[in-house]
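entry.txt (compact mmCIF, C-alpha atoms)
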# COMPACT_ATOMS: atom_id res chain seq x y z
CA MET H 1 -3.53 -8.88 -2.31
CA THR H 2 -0.85 -8.98 0.37
CA TYR H 3 1.25 -6.05 1.61
CA LEU H 4 4.46 -6.02 3.66
CA VAL H 5 6.11 -3.11 5.47
CA THR H 6 9.77 -3.40 6.46
CA GLY H 7 11.10 -1.30 9.32
CA ALA H 8 7.65 -1.65 10.82
CA THR H 9 8.82 -1.16 14.41
CA GLY H 10 10.64 2.09 13.54
CA GLY H 11 9.29 5.61 13.25
CA TYR H 12 8.63 5.73 9.50
CA GLY H 13 7.19 2.21 9.40
CA SER H 14 4.91 2.86 12.37
CA TYR H 15 3.53 6.00 10.74
CA ALA H 16 3.02 4.13 7.46
CA LEU H 17 1.02 1.40 9.20
CA LYS H 18 -1.31 3.98 10.79
CA VAL H 19 -2.23 5.20 7.31
CA LEU H 20 -2.21 1.79 5.67
CA LYS H 21 -4.80 0.33 8.03
CA GLU H 22 -7.30 2.85 6.66
CA LEU H 23 -6.54 1.78 3.09
CA VAL H 24 -6.24 -2.03 3.14
CA PRO H 25 -7.40 -4.76 5.54
CA ILE H 26 -5.08 -5.63 8.42
CA SER H 27 -5.78 -9.26 7.54
CA GLU H 28 -3.82 -8.69 4.32
CA THR H 29 -1.00 -6.70 5.93
CA TYR H 30 2.33 -8.18 6.93
CA VAL H 31 5.20 -6.56 8.81
CA LEU H 32 8.88 -7.39 9.07
CA ALA H 33 10.48 -7.56 12.50
CA ARG H 34 13.94 -8.65 13.62
CA SER H 35 12.58 -11.02 16.28
CA GLU H 36 9.35 -12.39 17.70
CA GLU H 37 9.84 -10.14 20.72
CA LYS H 38 10.18 -7.00 18.62
CA GLY H 39 7.13 -7.95 16.57
CA GLN H 40 4.86 -8.96 19.45
CA ALA H 41 3.03 -5.64 19.77
CA LEU H 42 2.23 -5.63 16.06
CA LYS H 43 1.10 -9.24 16.24
CA ASP H 44 -1.18 -8.31 19.14
CA ALA H 45 -2.60 -5.50 16.97
CA GLY H 46 -3.62 -8.04 14.33
CA TYR H 47 -0.78 -7.85 11.83
CA HIS H 48 0.95 -10.89 10.36
CA VAL H 49 4.55 -10.77 11.54
CA ARG H 50 7.42 -12.09 9.43
CA ILE H 51 10.85 -12.43 11.02
CA GLY H 52 13.92 -11.44 9.05
CA THR H 53 16.87 -9.09 8.66
CA TYR H 54 18.32 -7.45 5.56
CA SER H 55 21.70 -9.03 6.28
CA ASP H 56 20.22 -12.55 6.02
CA GLU H 57 18.98 -13.21 2.48
CA VAL H 58 17.46 -16.58 3.43
CA SER H 59 15.31 -14.96 6.12
CA MET H 60 14.24 -12.28 3.65
CA LYS H 61 13.19 -14.87 1.07
CA GLU H 62 11.06 -16.56 3.72
CA ALA H 63 9.64 -13.23 4.88
CA LEU H 64 8.65 -12.16 1.36
CA THR H 65 7.13 -15.44 0.24
CA GLY H 66 3.51 -14.82 -0.74
CA ILE H 67 3.85 -11.03 -0.63
CA ASP H 68 2.52 -9.00 -3.55
CA ARG H 69 3.49 -5.40 -2.65
CA LEU H 70 6.45 -4.28 -0.56
CA LEU H 71 7.21 -1.01 1.24
CA PHE H 72 11.00 -1.24 1.43
CA VAL H 73 12.27 1.16 4.10
CA SER H 74 15.96 1.85 3.64
CA MET H 75 18.23 0.76 6.48
CA GLY H 76 21.06 2.65 8.16
CA THR H 77 24.39 3.17 6.44
CA ASP H 78 26.30 0.17 7.85
CA ASN H 79 26.92 -2.27 4.95
CA ARG H 80 23.79 -0.92 3.27
CA GLN H 81 24.52 -1.93 -0.32
CA ALA H 82 25.12 -5.61 0.44
CA ASN H 83 22.19 -5.83 2.82
CA GLN H 84 19.72 -4.07 0.56
CA LYS H 85 20.84 -6.23 -2.36
CA ASN H 86 19.61 -9.18 -0.28
CA VAL H 87 16.17 -7.60 -0.04
CA VAL H 88 15.86 -6.98 -3.78
CA SER H 89 17.12 -10.47 -4.64
CA ALA H 90 14.69 -12.01 -2.18
CA ALA H 91 11.80 -9.93 -3.55
CA LYS H 92 12.53 -11.07 -7.09
CA GLU H 93 12.78 -14.73 -6.10
CA ALA H 94 9.61 -14.52 -4.00
CA GLY H 95 7.63 -13.00 -6.88
CA VAL H 96 6.93 -9.61 -5.31
CA SER H 97 5.09 -7.57 -7.94
CA TYR H 98 5.76 -4.02 -6.68
CA ILE H 99 8.29 -2.20 -4.49
CA ALA H 100 8.01 1.28 -2.98
CA TYR H 101 11.52 2.18 -1.83
CA THR H 102 12.52 5.08 0.43
CA SER H 103 15.37 6.74 -1.44
CA PHE H 104 17.32 10.02 -1.43
CA PRO H 105 16.51 13.42 -2.99
CA ASP H 106 17.52 13.76 -6.65
CA ALA H 107 19.39 10.47 -6.30
CA ASP H 108 20.40 10.41 -9.97
CA ASN H 109 22.42 13.62 -9.67
CA SER H 110 23.18 14.07 -5.98
CA LYS H 111 26.80 14.45 -4.88
CA SER H 112 25.97 13.79 -1.22
CA GLY H 113 27.86 10.97 0.39
CA LEU H 114 24.50 9.64 1.53
CA SER H 115 23.18 9.19 -2.02
CA GLY H 116 25.42 6.47 -3.46
CA ASP H 117 23.81 3.55 -1.65
CA HIS H 118 20.38 4.73 -2.78
CA ARG H 119 21.47 5.00 -6.43
CA PHE H 120 22.84 1.48 -6.09
CA THR H 121 19.58 0.16 -4.65
CA GLU H 122 17.44 1.99 -7.21
CA LYS H 123 19.46 0.34 -9.99
CA LEU H 124 19.03 -3.08 -8.40
CA ILE H 125 15.28 -2.58 -8.30
CA LYS H 126 15.17 -1.33 -11.91
CA ASP H 127 17.27 -4.27 -13.09
CA SER H 128 15.04 -6.74 -11.21
CA GLY H 129 12.13 -5.92 -13.51
CA ILE H 130 9.82 -5.42 -10.52
CA ALA H 131 7.38 -2.49 -10.85
CA HIS H 132 8.35 0.23 -8.42
CA THR H 133 8.14 3.75 -7.06
CA PHE H 134 11.21 5.49 -5.70
CA LEU H 135 10.13 7.67 -2.78
CA ARG H 136 12.92 10.23 -2.84
CA ASN H 137 12.32 11.62 0.61
CA ASN H 138 13.94 14.97 1.33
CA TRP H 139 14.82 15.72 4.97
CA TYR H 140 12.71 14.76 7.97
CA LEU H 141 12.00 17.78 10.15
CA GLU H 142 12.71 15.43 13.05
CA ASN H 143 16.36 15.38 11.92
CA GLU H 144 16.66 18.97 13.13
CA MET H 145 15.56 18.24 16.69
CA PRO H 146 19.10 18.56 18.13
CA ILE H 147 19.37 22.07 16.66
CA ILE H 148 15.82 22.94 17.70
CA GLY H 149 16.33 21.51 21.18
CA ALA H 150 19.53 23.48 21.64
CA ALA H 151 17.76 26.65 20.50
CA MET H 152 14.88 26.13 22.91
CA ALA H 153 17.30 25.49 25.77
CA SER H 154 19.71 28.36 25.12
CA GLY H 155 17.71 30.90 23.12
CA LYS H 156 20.35 30.67 20.37
CA PHE H 157 19.49 29.00 17.05
CA VAL H 158 22.92 28.05 15.69
CA TYR H 159 23.44 26.57 12.23
CA ALA H 160 26.37 26.24 9.84
CA ALA H 161 24.68 25.66 6.47
CA GLY H 162 24.84 29.25 5.20
CA GLU H 163 22.05 30.03 2.75
CA GLY H 164 21.49 26.37 1.92
CA LYS H 165 17.88 25.25 1.56
CA THR H 166 16.08 22.05 2.55
CA GLY H 167 12.70 20.53 1.66
CA TRP H 168 11.75 19.65 5.25
CA ALA H 169 8.52 17.90 6.22
CA LEU H 170 7.30 15.68 9.03
CA LYS H 171 8.26 12.02 8.93
CA ARG H 172 4.60 11.04 9.16
CA GLU H 173 3.91 12.99 5.95
CA TYR H 174 6.60 11.12 4.04
CA ALA H 175 5.26 7.86 5.48
CA GLU H 176 1.74 8.70 4.38
CA VAL H 177 2.91 8.75 0.77
CA GLY H 178 4.71 5.45 1.33
CA ALA H 179 1.54 3.85 2.63
CA LYS H 180 -0.50 5.18 -0.29
CA ALA H 181 2.05 3.85 -2.75
CA LEU H 182 1.98 0.44 -1.10
CA ALA H 183 -1.82 0.36 -1.10
CA GLY H 184 -1.88 0.85 -4.85
CA SER H 185 -2.04 4.56 -5.65
CA ASP H 186 -1.17 5.20 -9.28
CA PHE H 187 2.16 6.90 -8.71
CA PRO H 188 4.99 7.41 -11.23
CA GLU H 189 8.33 5.63 -11.06
CA VAL H 190 9.90 8.52 -9.16
CA LEU H 191 8.41 10.86 -6.57
CA GLU H 192 10.61 13.75 -5.48
CA LEU H 193 9.08 14.35 -2.08
CA SER H 194 10.18 17.85 -1.11
CA ARG H 195 8.44 20.86 0.37
CA LYS H 196 9.37 24.21 -1.18
CA PRO H 197 13.03 24.50 -0.09
CA THR H 198 13.57 26.66 2.99
CA THR H 199 16.60 28.21 4.74
CA TYR H 200 17.51 27.81 8.39
CA VAL H 201 16.64 31.45 8.96
CA GLU H 202 13.10 30.73 7.75
CA LEU H 203 12.99 27.60 9.92
CA ALA H 204 14.03 29.65 12.95
CA GLU H 205 11.32 32.21 12.19
CA ALA H 206 8.74 29.42 12.06
CA LEU H 207 10.05 28.07 15.38
CA GLU H 208 9.62 31.50 16.95
CA LYS H 209 6.09 31.74 15.56
CA GLY H 210 5.16 28.25 16.69
CA THR H 211 6.53 28.57 20.21
CA GLY H 212 6.39 32.30 20.95
CA LYS H 213 10.04 32.16 21.97
CA ASN H 214 12.43 34.87 20.78
CA LEU H 215 15.63 33.38 19.38
CA GLU H 216 19.02 34.75 18.46
CA VAL H 217 19.66 33.26 15.02
CA ILE H 218 23.37 32.63 14.45
CA SER H 219 25.05 31.55 11.22
CA GLY H 220 28.04 30.10 13.00
CA SER H 221 31.35 28.42 12.28
CA ASP H 222 31.71 24.67 12.26
CA GLN H 223 33.05 24.74 15.80
CA ALA H 224 30.28 27.03 17.05
CA PHE H 225 27.73 24.60 15.62
CA ILE H 226 29.37 21.61 17.29
CA ASP H 227 29.68 23.49 20.58
CA SER H 228 25.98 24.37 20.53
CA LEU H 229 25.00 20.72 20.22
CA MET H 230 27.51 19.50 22.78
CA ALA H 231 26.13 22.07 25.22
CA VAL H 232 22.84 20.15 25.31
CA GLY H 233 24.48 16.76 25.75
CA LEU H 234 25.33 15.45 22.29
CA PRO H 235 28.68 13.63 22.16
CA GLU H 236 31.24 15.33 19.93
CA ASN H 237 31.25 12.49 17.37
CA VAL H 238 27.47 12.72 17.00
CA ALA H 239 27.63 16.51 16.68
CA GLU H 240 30.17 16.03 13.88
CA ILE H 241 27.70 13.78 12.02
CA PHE H 242 25.13 16.56 12.20
CA LEU H 243 27.78 18.97 10.93
CA SER H 244 28.25 16.75 7.88
CA PHE H 245 24.55 17.20 7.13
CA GLN H 246 25.09 20.96 7.32
CA TYR H 247 27.74 20.62 4.61
CA ASP H 248 25.28 18.81 2.33
CA ILE H 249 22.64 21.48 2.88
CA LYS H 250 25.12 24.31 2.33
CA ASP H 251 26.16 22.60 -0.91
CA GLY H 252 22.55 22.50 -2.15
CA GLN H 253 22.13 18.73 -2.00
CA LEU H 254 18.65 19.01 -0.44
CA ASP H 255 17.54 22.03 -2.45
CA VAL H 256 15.05 20.11 -4.61
CA ASN H 257 12.03 21.83 -6.12
CA SER H 258 9.10 19.55 -6.88
CA THR H 259 5.30 19.56 -6.71
CA ASP H 260 5.14 15.78 -6.24
CA PHE H 261 4.68 15.79 -2.46
CA GLU H 262 1.34 17.51 -2.03
CA LYS H 263 -0.01 15.89 -5.22
CA ALA H 264 0.80 12.46 -3.81
CA LEU H 265 -0.64 13.31 -0.38
CA GLY H 266 -3.81 14.80 -1.84
CA HIS H 267 -3.65 17.62 0.72
CA ASP H 268 -1.37 20.40 1.95
CA LEU H 269 1.70 19.76 4.04
CA THR H 270 1.53 20.86 7.67
CA PRO H 271 2.63 24.52 7.98
CA PHE H 272 6.03 24.84 9.63
CA PRO H 273 4.88 26.53 12.88
CA GLU H 274 2.27 23.81 13.46
CA ALA H 275 4.73 21.05 12.52
CA LEU H 276 7.29 22.37 14.97
CA LYS H 277 4.71 22.64 17.74
CA GLU H 278 3.76 19.03 17.04
CA LEU H 279 7.37 17.89 17.39
CA LEU H 280 7.89 19.80 20.63
CA LYS H 281 4.86 18.39 22.42

Write the structure described by the file as structure tokens, please.
Amino acid sequence: MTYLVTGATGGYGSYALKVLKELVPISETYVLARSEEKGQALKDAGYHVRIGTYSDEVSMKEALTGIDRLLFVSMGTDNRQANQKNVVSAAKEAGVSYIAYTSFPDADNSKSGLSGDHRFTEKLIKDSGIAHTFLRNNWYLENEMPIIGAAMASGKFVYAAGEGKTGWALKREYAEVGAKALAGSDFPEVLELSRKPTTYVELAEALEKGTGKNLEVISGSDQAFIDSLMAVGLPENVAEIFLSFQYDIKDGQLDVNSTDFEKALGHDLTPFPEALKELLK
């Protein structure tokens, strides 16, 4: 059996490989890298490195030749549909037998602007006839580091998502499920990977507990939220992107209740205070 992880030099892919090496032999594990230089460290660690990019279907066909099981880590938003179509087409032509794809929470019903590309890719995979698991990852706790960093610097935890709730967890926990799916765990077609949804007030309380720092928790205006991020060095256009995430959360787009996550992990998720301490080390 052969296994390939895309995005292997990124955060999620790196975490997945740490788990995967305990589940399958490195000699059977392949990784995708954009260049020989980017893949050198993984090659030195004993992995087989395939060179390719989602935007180049020919390179993807070559990269996936001889691969049985694929952990398909979704790319960034730039031209995502066309590029990810290349990956699915290449996987079908190469004879890949299984795909685990990192998707979006409640992708079938979500109204988030981030969900459309994932629905598109899920349909491509379904239509390909390749066996699959859609890993509908909720929100990485790491995504909140600008807010958390600003709070730790100023003593003010500012958010603009109202009473919206999110199923936060650590990126490594999502990646652990991805690795287990790739290795052959008997998972269903869809895994809604979400912790019990939590508000920003509860997140701030966990941050106080984890760090011992007293915070002023502020449900602020859009501008107050942007100003709080710019105060710690984020450019205004980046702060506005984070504000768009606040809109999704306020609108309930990440408020997904599911027991899939801990069942798939086979253990409890890291408690929030400990998870936050881990991120702040």

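Separating atom CA of Asn137 of chain H from atom CA of Asp248 of chain H is a distance of 14.9 Å.
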
ask   = Do you know which residues are at most 10 Å from Ser89 of chain H counting all atoms listed in the file, after dropping those on the same chain fewer than 3 positions away, and could you put them as a VMD selection string?
value = chain H and resid 57 60 to 61 84 to 86 92 to 94 124 to 125 128

key: Residues within 12 Å of His48 of chain H, all atoms listed in the file, excluding chain neighbours under 3 positions, as a ChimeraX atom specification   = /H:2-5,8,25-33,36,39-45,51,63-64,67

inquiry  = With only C-alpha atoms as the counted atoms, please give the residues lying no more than 9 Å from segment 188-194 of chain H, apart from itself and same-chain residues fewer than 3 positions off, as an MDAnalysis selection string.
reply    = chainID H and resid 104:106 131:139 166:169 174 177 197 254:262 264

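Separating atom CA of Lys196 of chain H from atom CA of Leu234 of chain H is a distance of 29.7 Å.
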
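With all atoms listed in the file as the atoms that count, the minimum distance from Gly113 of chain H to the choices H:Asp251, H:Asp268, H:Glu62, H:Glu278 is reached by H:Asp251.
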
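Computed from the coordinates, the atom CA of Arg34 of chain H to atom CA of Arg172 of chain H distance equals 22.2 Å.
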
ask   = What's the 12 Å shell around Ser244 of chain H, counting all atoms listed in the file, without same-chain residues fewer than 5 positions away, as a list in words?
value = Ser112, Gly113, Leu114, Tyr159, Ala160, Ala161, Asp222, Phe225, Ile226, Asn237, Val238, Ala239, Ile249, Lys250, Asp251 and Gln253 of chain H

Using all atoms listed in the file, determine which residues lie at most 12 Å from Leu207 of chain H, disregarding the query and same-chain residues fewer than 4 positions distant; provide the list as a PDB file with C-alpha atoms, in the coordinates of the input.
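And here is the file that came out, result_39.pdb:
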ATOM      1  CA  LEU H 141      12.000  17.780  10.150  1.00  0.00           C
ATOM      2  CA  GLU H 144      16.660  18.970  13.130  1.00  0.00           C
ATOM      3  CA  MET H 145      15.560  18.240  16.690  1.00  0.00           C
ATOM      4  CA  ILE H 147      19.370  22.070  16.660  1.00  0.00           C
ATOM      5  CA  ILE H 148      15.820  22.940  17.700  1.00  0.00           C
ATOM      6  CA  GLY H 149      16.330  21.510  21.180  1.00  0.00           C
ATOM      7  CA  ALA H 151      17.760  26.650  20.500  1.00  0.00           C
ATOM      8  CA  MET H 152      14.880  26.130  22.910  1.00  0.00           C
ATOM      9  CA  GLY H 155      17.710  30.900  23.120  1.00  0.00           C
ATOM     10  CA  LYS H 156      20.350  30.670  20.370  1.00  0.00           C
ATOM     11  CA  PHE H 157      19.490  29.000  17.050  1.00  0.00           C
ATOM     12  CA  TYR H 200      17.510  27.810   8.390  1.00  0.00           C
ATOM     13  CA  VAL H 201      16.640  31.450   8.960  1.00  0.00           C
ATOM     14  CA  GLU H 202      13.100  30.730   7.750  1.00  0.00           C
ATOM     15  CA  LEU H 203      12.990  27.600   9.920  1.00  0.00           C
ATOM     16  CA  THR H 211       6.530  28.570  20.210  1.00  0.00           C
ATOM     17  CA  GLY H 212       6.390  32.300  20.950  1.00  0.00           C
ATOM     18  CA  LYS H 213      10.040  32.160  21.970  1.00  0.00           C
ATOM     19  CA  ASN H 214      12.430  34.870  20.780  1.00  0.00           C
ATOM     20  CA  LEU H 215      15.630  33.380  19.380  1.00  0.00           C
ATOM     21  CA  GLU H 216      19.020  34.750  18.460  1.00  0.00           C
ATOM     22  CA  VAL H 217      19.660  33.260  15.020  1.00  0.00           C
ATOM     23  CA  PRO H 271       2.630  24.520   7.980  1.00  0.00           C
ATOM     24  CA  PHE H 272       6.030  24.840   9.630  1.00  0.00           C
ATOM     25  CA  PRO H 273       4.880  26.530  12.880  1.00  0.00           C
ATOM     26  CA  GLU H 274       2.270  23.810  13.460  1.00  0.00           C
ATOM     27  CA  ALA H 275       4.730  21.050  12.520  1.00  0.00           C
ATOM     28  CA  LEU H 276       7.290  22.370  14.970  1.00  0.00           C
ATOM     29  CA  LYS H 277       4.710  22.640  17.740  1.00  0.00           C
ATOM     30  CA  GLU H 278       3.760  19.030  17.040  1.00  0.00           C
ATOM     31  CA  LEU H 279       7.370  17.890  17.390  1.00  0.00           C
ATOM     32  CA  LEU H 280       7.890  19.800  20.630  1.00  0.00           C
TER      33      LEU H 280
END

Centre and size of axis-aligned box enclosing segment 61-64 of chain H plus 8 Å each side, as JSON:
{"center_x": 10.9, "center_y": -14.4, "center_z": 3.0, "size_x": 20.5, "size_y": 20.4, "size_z": 19.8}

message = For a quick check of understanding, using only C-alpha atoms, which of H:Gly252, H:Gly46, H:Gly11, H:Gly210 has the smallest distance to Glu163 of chain H?
response = H:Gly252

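Distances here use all atoms listed in the file; by that measure, the residue among H:Gln223, H:Thr121, H:Ser110, H:Gln246 closest to Val88 of chain H is H:Thr121.
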
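Remark: for Ser228 of chain H, the closest of the candidate residues H:Val158, H:Gly116, H:Leu20, H:Glu205 is H:Val158 (distances computed over all atoms listed in the file).
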